[in-house]
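Source file: structure_17.cif; contents: mmCIF, C-alpha atoms.
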data_coords
#
loop_
_atom_site.label_atom_id
_atom_site.label_comp_id
_atom_site.auth_asym_id
_atom_site.auth_seq_id
_atom_site.Cartn_x
_atom_site.Cartn_y
_atom_site.Cartn_z
CA ASP A 1 -6.48 23.62 34.19
CA ASN A 2 -5.15 24.30 37.65
CA GLN A 3 -8.13 25.91 39.31
CA ALA A 4 -10.11 24.82 42.34
CA ASN A 5 -12.97 23.21 40.40
CA ALA A 6 -11.60 19.84 41.52
CA LEU A 7 -12.86 20.65 45.02
CA ALA A 8 -16.34 21.54 43.82
CA HIS A 9 -16.54 18.24 41.93
CA MET A 10 -15.14 16.28 44.84
CA VAL A 11 -17.71 17.17 47.51
CA PRO A 12 -20.78 15.37 46.06
CA ALA A 13 -18.59 12.44 44.99
CA VAL A 14 -17.31 11.99 48.55
CA ALA A 15 -20.82 12.38 49.96
CA ALA A 16 -22.04 9.61 47.65
CA THR A 17 -19.15 7.23 48.40
CA TRP A 18 -17.94 7.97 51.92
CA CYS A 19 -19.24 4.61 53.18
CA LEU A 20 -16.97 2.75 50.71
CA SER A 21 -13.32 2.03 51.37
CA GLU A 22 -11.07 5.04 51.02
CA GLU A 23 -9.47 3.56 47.91
CA ALA A 24 -12.82 2.94 46.17
CA SER A 25 -14.09 6.39 47.13
CA LEU A 26 -10.92 8.11 45.88
CA ASP A 27 -11.08 6.15 42.61
CA PHE A 28 -14.61 7.48 42.04
CA VAL A 29 -13.65 11.01 43.07
CA GLU A 30 -10.75 10.95 40.62
CA LYS A 31 -13.02 9.82 37.77
CA VAL A 32 -15.45 12.64 38.52
CA ILE A 33 -12.67 15.23 38.61
CA ARG A 34 -11.14 13.96 35.37
CA THR A 35 -14.37 14.48 33.43
CA THR A 36 -13.58 18.20 33.32
CA GLN A 37 -10.00 18.48 34.62
CA ASN A 38 -8.06 15.58 33.17
CA THR A 39 -4.66 16.21 34.74
CA ASP A 40 -2.79 14.35 37.44
CA GLU A 41 -2.34 17.62 39.33
CA ALA A 42 -6.11 18.28 39.42
CA ALA A 43 -6.80 14.69 40.48
CA ALA A 44 -4.17 14.85 43.24
CA PHE A 45 -5.50 18.20 44.45
CA GLY A 46 -9.10 16.96 44.52
CA THR A 47 -8.30 13.62 46.14
CA ALA A 48 -6.26 15.38 48.85
CA GLY A 49 -9.37 17.44 49.60
CA ALA A 50 -11.46 14.27 49.49
CA ARG A 51 -9.25 12.62 52.10
CA ILE A 52 -9.81 15.58 54.43
CA LEU A 53 -13.58 15.57 53.87
CA ARG A 54 -13.85 11.79 54.43
CA ARG A 55 -12.14 12.19 57.79
CA ILE A 56 -14.45 15.02 58.82
CA ILE A 57 -17.53 12.97 57.83
CA ALA A 58 -16.13 10.12 59.95
CA GLY A 59 -16.09 12.44 62.97
CA GLU A 60 -12.56 13.83 63.11
CA GLY A 61 -12.08 17.47 63.96
CA SER A 62 -10.96 19.65 61.08
CA ALA A 63 -7.39 20.19 62.33
CA GLN A 64 -6.97 16.46 62.95
CA ALA A 65 -8.40 15.67 59.50
CA VAL A 66 -5.83 17.95 57.83
CA ASN A 67 -2.98 16.52 59.90
CA ASP A 68 -4.03 12.89 59.30
CA THR A 69 -4.29 13.57 55.56
CA VAL A 70 -0.77 15.02 55.55
CA GLN A 71 0.55 11.95 57.35
CA THR A 72 -1.29 9.58 54.99
CA LEU A 73 0.01 11.37 51.91
CA LYS A 74 3.56 11.28 53.29
CA THR A 75 3.61 7.66 54.47
CA THR A 76 1.54 5.61 52.02
CA LYS A 77 2.17 4.66 48.42
CA GLU A 78 1.22 7.65 46.33
CA ARG A 79 -1.90 7.41 44.17
CA LEU A 80 -0.50 10.09 41.90
CA PRO A 81 3.31 10.12 42.23
CA CYS A 82 3.59 13.44 40.41
CA CYS A 83 1.79 15.40 43.02
CA ASP A 84 0.72 13.67 46.26
CA GLY A 85 3.97 14.47 48.08
CA TYR A 86 3.88 18.04 46.84
CA PHE A 87 0.34 18.58 48.13
CA ALA A 88 1.24 16.86 51.43
CA ASP A 89 4.06 19.36 51.91
CA ARG A 90 1.77 22.31 51.14
CA LEU A 91 -0.92 21.03 53.53
CA ASP A 92 1.74 20.50 56.19
CA GLN A 93 2.82 24.13 55.80
CA ALA A 94 -0.74 25.31 56.37
CA PHE A 95 -1.19 23.02 59.36
CA ARG A 96 2.04 24.14 61.05
CA VAL A 97 1.30 27.87 60.82
CA ARG A 98 -2.45 27.77 61.57
CA GLY A 99 -2.09 29.22 65.07
CA GLY A 100 0.79 31.55 64.33
CA ILE A 101 -0.64 33.75 61.60
CA SER A 102 -4.08 35.02 60.71
CA HIS A 103 -5.94 33.80 57.66
CA LEU A 104 -5.40 37.18 56.01
CA GLN A 105 -1.64 36.80 56.51
CA ALA A 106 -1.68 33.21 55.22
CA VAL A 107 -3.46 34.25 52.04
CA GLY A 108 -1.03 37.13 51.62
CA LEU A 109 1.91 34.72 51.86
CA VAL A 110 0.66 32.00 49.49
CA GLY A 111 -1.50 34.01 47.12
CA SER A 112 -5.22 34.54 46.75
CA SER A 113 -5.89 33.14 43.29
CA CYS A 114 -8.06 30.15 42.46
CA SER A 115 -5.03 28.18 41.28
CA TYR A 116 -3.56 25.43 43.36
CA PRO A 117 -1.58 25.10 45.50
CA GLN A 118 -2.54 28.59 46.72
CA ASN A 119 -6.16 27.72 47.46
CA LEU A 120 -5.23 24.34 48.94
CA VAL A 121 -2.77 25.89 51.37
CA SER A 122 -4.97 28.84 52.32
CA GLY A 123 -8.12 26.69 52.41
CA ALA A 124 -6.45 24.12 54.65
CA HIS A 125 -5.16 26.93 56.87
CA LEU A 126 -8.72 28.24 57.13
CA LEU A 127 -10.13 24.78 57.86
CA ALA A 128 -7.49 23.83 60.43
CA GLY A 129 -8.14 27.05 62.34
CA ALA A 130 -11.92 27.06 61.93
CA GLU A 131 -12.57 24.52 64.65
CA ASP A 132 -11.97 27.20 67.26
CA LEU A 133 -13.56 30.03 65.27
CA GLY A 134 -16.73 28.55 63.81
CA PHE A 135 -18.23 28.73 60.33
CA GLU A 136 -19.35 32.38 60.39
CA VAL A 137 -16.00 33.71 61.57
CA GLY A 138 -14.20 31.47 59.05
CA ILE A 139 -16.31 32.75 56.15
CA ARG A 140 -15.76 36.35 57.23
CA ALA A 141 -12.00 35.72 57.42
CA THR A 142 -11.86 34.40 53.87
CA ILE A 143 -13.99 37.26 52.54
CA ARG A 144 -11.65 39.79 54.19
CA ALA A 145 -8.65 38.05 52.60
CA ALA A 146 -10.09 38.80 49.12
CA GLY A 147 -9.11 36.96 45.97
CA ASP A 148 -10.85 33.67 45.32
CA GLN A 149 -12.94 33.40 48.47
CA ALA A 150 -15.18 30.66 47.05
CA SER A 151 -12.30 28.19 46.67
CA ARG A 152 -11.14 28.75 50.23
CA GLY A 153 -14.71 28.79 51.54
CA MET A 154 -15.34 25.34 50.05
CA PHE A 155 -13.10 23.97 52.78
CA LEU A 156 -15.57 25.14 55.41
#
Mind turning this structure into C-alpha cells?
Amino acid sequence: DNQANALAHMVPAVAATWCLSEEASLDFVEKVIRTTQNTDEAAAFGTAGARILRRIIAGEGSAQAVNDTVQTLKTTKERLPCCDGYFADRLDQAFRVRGGISHLQAVGLVGSSCSYPQNLVSGAHLLAGAEDLGFEVGIRATIRAAGDQASRGMFL
C-alpha cells in the first residue's frame, strides 16, 4: 500500500543499524519495510526517511538533514530508480517553502492523508521548520493541520 507505515517500520531499523555504513543500514531498513509493504515506492519512501533520521542521529540539524538527503537523492546512483528522484523532488519542495508558509498551509497544499507523498512532503516541512519551533510547537502544528497527524508527527 502507499501509507506511511514505512516510516514507523524504519525508525527502529535505523536505530539498530545507524552505526553501520549508510548502504548497509538502508539495505536492512528496506528489508524491514518490505515485510509488510513490498513495493518499490514504499521502500523508497521509507529509505528517504531513514536517510534523514541517520543524519539527525549523526548530529545534523533537522533542516540540514532534509537538505542533505535531497542532495544525496539527486546526485547519487538511485537505490530505487522508480522513486528516489520523485521523493527527492517532493522533499526539495518542502525544504524550499519551510519558512514561507505555515505548516497548516503546507498540509492544505499537499493534502493531509496518510498516503505518500503527502505525508513525506508535509512531514519534511514540519521537520525542517521544527528546529526553530521545538517539539511541542511542532506537534501542536500538526494536530491543528488535521488529517493524518501521526504520520507527520513521526518526523519529529
task: Please provide the set of residues having any atom within 7 Å of Ser115 of chain A, restricted to all atoms listed in the file, with same-chain residues fewer than 2 positions apart removed, written as a ChimeraX atom specification.
output: /A:2-4,113,117-119
field: His125 of chain A environment, 10 Å, all atoms listed in the file, sequence neighbours closer than 4 positions dropped, as an MDAnalysis selection string
entry: chainID A and resid 63 66 91:99 101:103 106:107 119:121 129:130 152 155
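Going from atom CA of Ala146 of chain A over to atom CA of Arg54 of chain A, you cover 27.8 Å.
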message: Quick check, in Å to one decimal: how far apart do atom CA of Glu78 of chain A and atom CA of Phe28 of chain A lie?
response: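 Taking atom CA of Glu78 of chain A and atom CA of Phe28 of chain A, their separation equals 16.4 Å.
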Contact residues around Glu41 of chain A with only C-alpha atoms at 12 Å, ignoring same-chain residues under 6 positions, as a list in words: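 Listed by chain and then number, they are Asp1, Asn2, Gln3, Ala4, Ala6, Glu30, Ile33, Arg34, Thr47, Ala48, Arg79, Leu80, Pro81, Cys82, Cys83, Asp84, Gly85, Tyr86, Phe87, Ser115, Tyr116 and Pro117 of chain A.
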- request: Can you give me, as a PyMOL selection string, the residues this file yields under the PyMOL selection byres ((chain A and resi 10-25) around 8)?
  value: chain A and resi 6-9+26-29+32-33+46-47+49-51+53-54+57
message: Rounded to one decimal, what separation in Å do you get between atom CA of Asp40 of chain A and atom CA of Thr75 of chain A?
response: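 These atoms are spaced 19.4 Å apart.
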- prompt: Do you know which residues the PyMOL selection byres ((chain A and resi 131) around 10) returns on this file, as JSON, numbers by chain?
  reply: {"A": [61, 62, 63, 64, 126, 127, 128, 129, 130, 132, 133, 134, 135, 138, 156]}
For C-alpha atoms, I'd like the residues from the last selection saved as a PDB file, keeping the file's coordinate frame.
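As a result, out31.pdb now contains:
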ATOM      1  CA  GLY A  61     -12.080  17.470  63.960  1.00  0.00           C
ATOM      2  CA  SER A  62     -10.960  19.650  61.080  1.00  0.00           C
ATOM      3  CA  ALA A  63      -7.390  20.190  62.330  1.00  0.00           C
ATOM      4  CA  GLN A  64      -6.970  16.460  62.950  1.00  0.00           C
ATOM      5  CA  LEU A 126      -8.720  28.240  57.130  1.00  0.00           C
ATOM      6  CA  LEU A 127     -10.130  24.780  57.860  1.00  0.00           C
ATOM      7  CA  ALA A 128      -7.490  23.830  60.430  1.00  0.00           C
ATOM      8  CA  GLY A 129      -8.140  27.050  62.340  1.00  0.00           C
ATOM      9  CA  ALA A 130     -11.920  27.060  61.930  1.00  0.00           C
ATOM     10  CA  ASP A 132     -11.970  27.200  67.260  1.00  0.00           C
ATOM     11  CA  LEU A 133     -13.560  30.030  65.270  1.00  0.00           C
ATOM     12  CA  GLY A 134     -16.730  28.550  63.810  1.00  0.00           C
ATOM     13  CA  PHE A 135     -18.230  28.730  60.330  1.00  0.00           C
ATOM     14  CA  GLY A 138     -14.200  31.470  59.050  1.00  0.00           C
ATOM     15  CA  LEU A 156     -15.570  25.140  55.410  1.00  0.00           C
TER      16      LEU A 156
END
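Proximity ranking of A:Ala150, A:Arg144, A:Gly100, A:Asn5 relative to Ala42 of chain A places A:Asn5 first, based on only C-alpha atoms.
Considering the residues A:Thr142, A:Arg55, A:Glu136, A:Thr69 and counting all atoms listed in the file, Arg90 of chain A has its shortest atom-to-atom contact with A:Thr69.
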Can you fill out segment 40-62 of chain A with N, CA and C atoms and hand it back as an mmCIF file, in the coordinates of the input?
data_model
loop_
_atom_site.group_PDB
_atom_site.id
_atom_site.type_symbol
_atom_site.label_atom_id
_atom_site.label_comp_id
_atom_site.auth_asym_id
_atom_site.auth_seq_id
_atom_site.Cartn_x
_atom_site.Cartn_y
_atom_site.Cartn_z
ATOM 1 N N ASP A 40 -3.167 14.980 36.180
ATOM 2 C CA ASP A 40 -2.790 14.350 37.440
ATOM 3 C C ASP A 40 -2.796 15.360 38.584
ATOM 4 N N GLU A 41 -2.381 16.591 38.291
ATOM 5 C CA GLU A 41 -2.340 17.620 39.330
ATOM 6 C C GLU A 41 -3.751 17.907 39.869
ATOM 7 N N ALA A 42 -4.729 18.035 38.980
ATOM 8 C CA ALA A 42 -6.110 18.280 39.420
ATOM 9 C C ALA A 42 -6.626 17.098 40.232
ATOM 10 N N ALA A 43 -6.336 15.881 39.765
ATOM 11 C CA ALA A 43 -6.800 14.690 40.480
ATOM 12 C C ALA A 43 -6.150 14.593 41.860
ATOM 13 N N ALA A 44 -4.857 14.899 41.944
ATOM 14 C CA ALA A 44 -4.170 14.850 43.240
ATOM 15 C C ALA A 44 -4.710 15.919 44.186
ATOM 16 N N PHE A 45 -4.952 17.107 43.659
ATOM 17 C CA PHE A 45 -5.500 18.200 44.450
ATOM 18 C C PHE A 45 -6.877 17.817 44.997
ATOM 19 N N GLY A 46 -7.744 17.325 44.119
ATOM 20 C CA GLY A 46 -9.100 16.960 44.520
ATOM 21 C C GLY A 46 -9.145 15.780 45.475
ATOM 22 N N THR A 47 -8.284 14.779 45.244
ATOM 23 C CA THR A 47 -8.300 13.620 46.140
ATOM 24 C C THR A 47 -7.687 13.964 47.499
ATOM 25 N N ALA A 48 -6.761 14.924 47.545
ATOM 26 C CA ALA A 48 -6.260 15.380 48.850
ATOM 27 C C ALA A 48 -7.407 16.025 49.633
ATOM 28 N N GLY A 49 -8.189 16.857 48.961
ATOM 29 C CA GLY A 49 -9.370 17.440 49.600
ATOM 30 C C GLY A 49 -10.376 16.385 50.016
ATOM 31 N N ALA A 50 -10.525 15.353 49.185
ATOM 32 C CA ALA A 50 -11.460 14.270 49.490
ATOM 33 C C ALA A 50 -11.033 13.510 50.743
ATOM 34 N N ARG A 51 -9.744 13.305 50.896
ATOM 35 C CA ARG A 51 -9.250 12.620 52.100
ATOM 36 C C ARG A 51 -9.614 13.412 53.356
ATOM 37 N N ILE A 52 -9.457 14.731 53.287
ATOM 38 C CA ILE A 52 -9.810 15.580 54.430
ATOM 39 C C ILE A 52 -11.305 15.473 54.720
ATOM 40 N N LEU A 53 -12.126 15.615 53.685
ATOM 41 C CA LEU A 53 -13.580 15.570 53.870
ATOM 42 C C LEU A 53 -14.033 14.224 54.413
ATOM 43 N N ARG A 54 -13.474 13.124 53.922
ATOM 44 C CA ARG A 54 -13.850 11.790 54.430
ATOM 45 C C ARG A 54 -13.577 11.699 55.934
ATOM 46 N N ARG A 55 -12.477 12.248 56.371
ATOM 47 C CA ARG A 55 -12.140 12.190 57.790
ATOM 48 C C ARG A 55 -13.101 13.035 58.637
ATOM 49 N N ILE A 56 -13.492 14.172 58.100
ATOM 50 C CA ILE A 56 -14.450 15.020 58.820
ATOM 51 C C ILE A 56 -15.805 14.323 58.910
ATOM 52 N N ILE A 57 -16.256 13.714 57.818
ATOM 53 C CA ILE A 57 -17.530 12.970 57.830
ATOM 54 C C ILE A 57 -17.468 11.840 58.851
ATOM 55 N N ALA A 58 -16.292 11.227 58.997
ATOM 56 C CA ALA A 58 -16.130 10.120 59.950
ATOM 57 C C ALA A 58 -16.047 10.603 61.395
ATOM 58 N N GLY A 59 -16.039 11.927 61.611
ATOM 59 C CA GLY A 59 -16.090 12.440 62.970
ATOM 60 C C GLY A 59 -14.819 13.104 63.477
ATOM 61 N N GLU A 60 -13.777 13.156 62.663
ATOM 62 C CA GLU A 60 -12.560 13.830 63.110
ATOM 63 C C GLU A 60 -12.767 15.340 63.112
ATOM 64 N N GLY A 61 -12.080 16.015 63.990
ATOM 65 C CA GLY A 61 -12.080 17.470 63.960
ATOM 66 C C GLY A 61 -11.325 17.942 62.726
ATOM 67 N N SER A 62 -11.551 19.176 62.329
ATOM 68 C CA SER A 62 -10.960 19.650 61.080
ATOM 69 C C SER A 62 -9.428 19.693 61.133
#
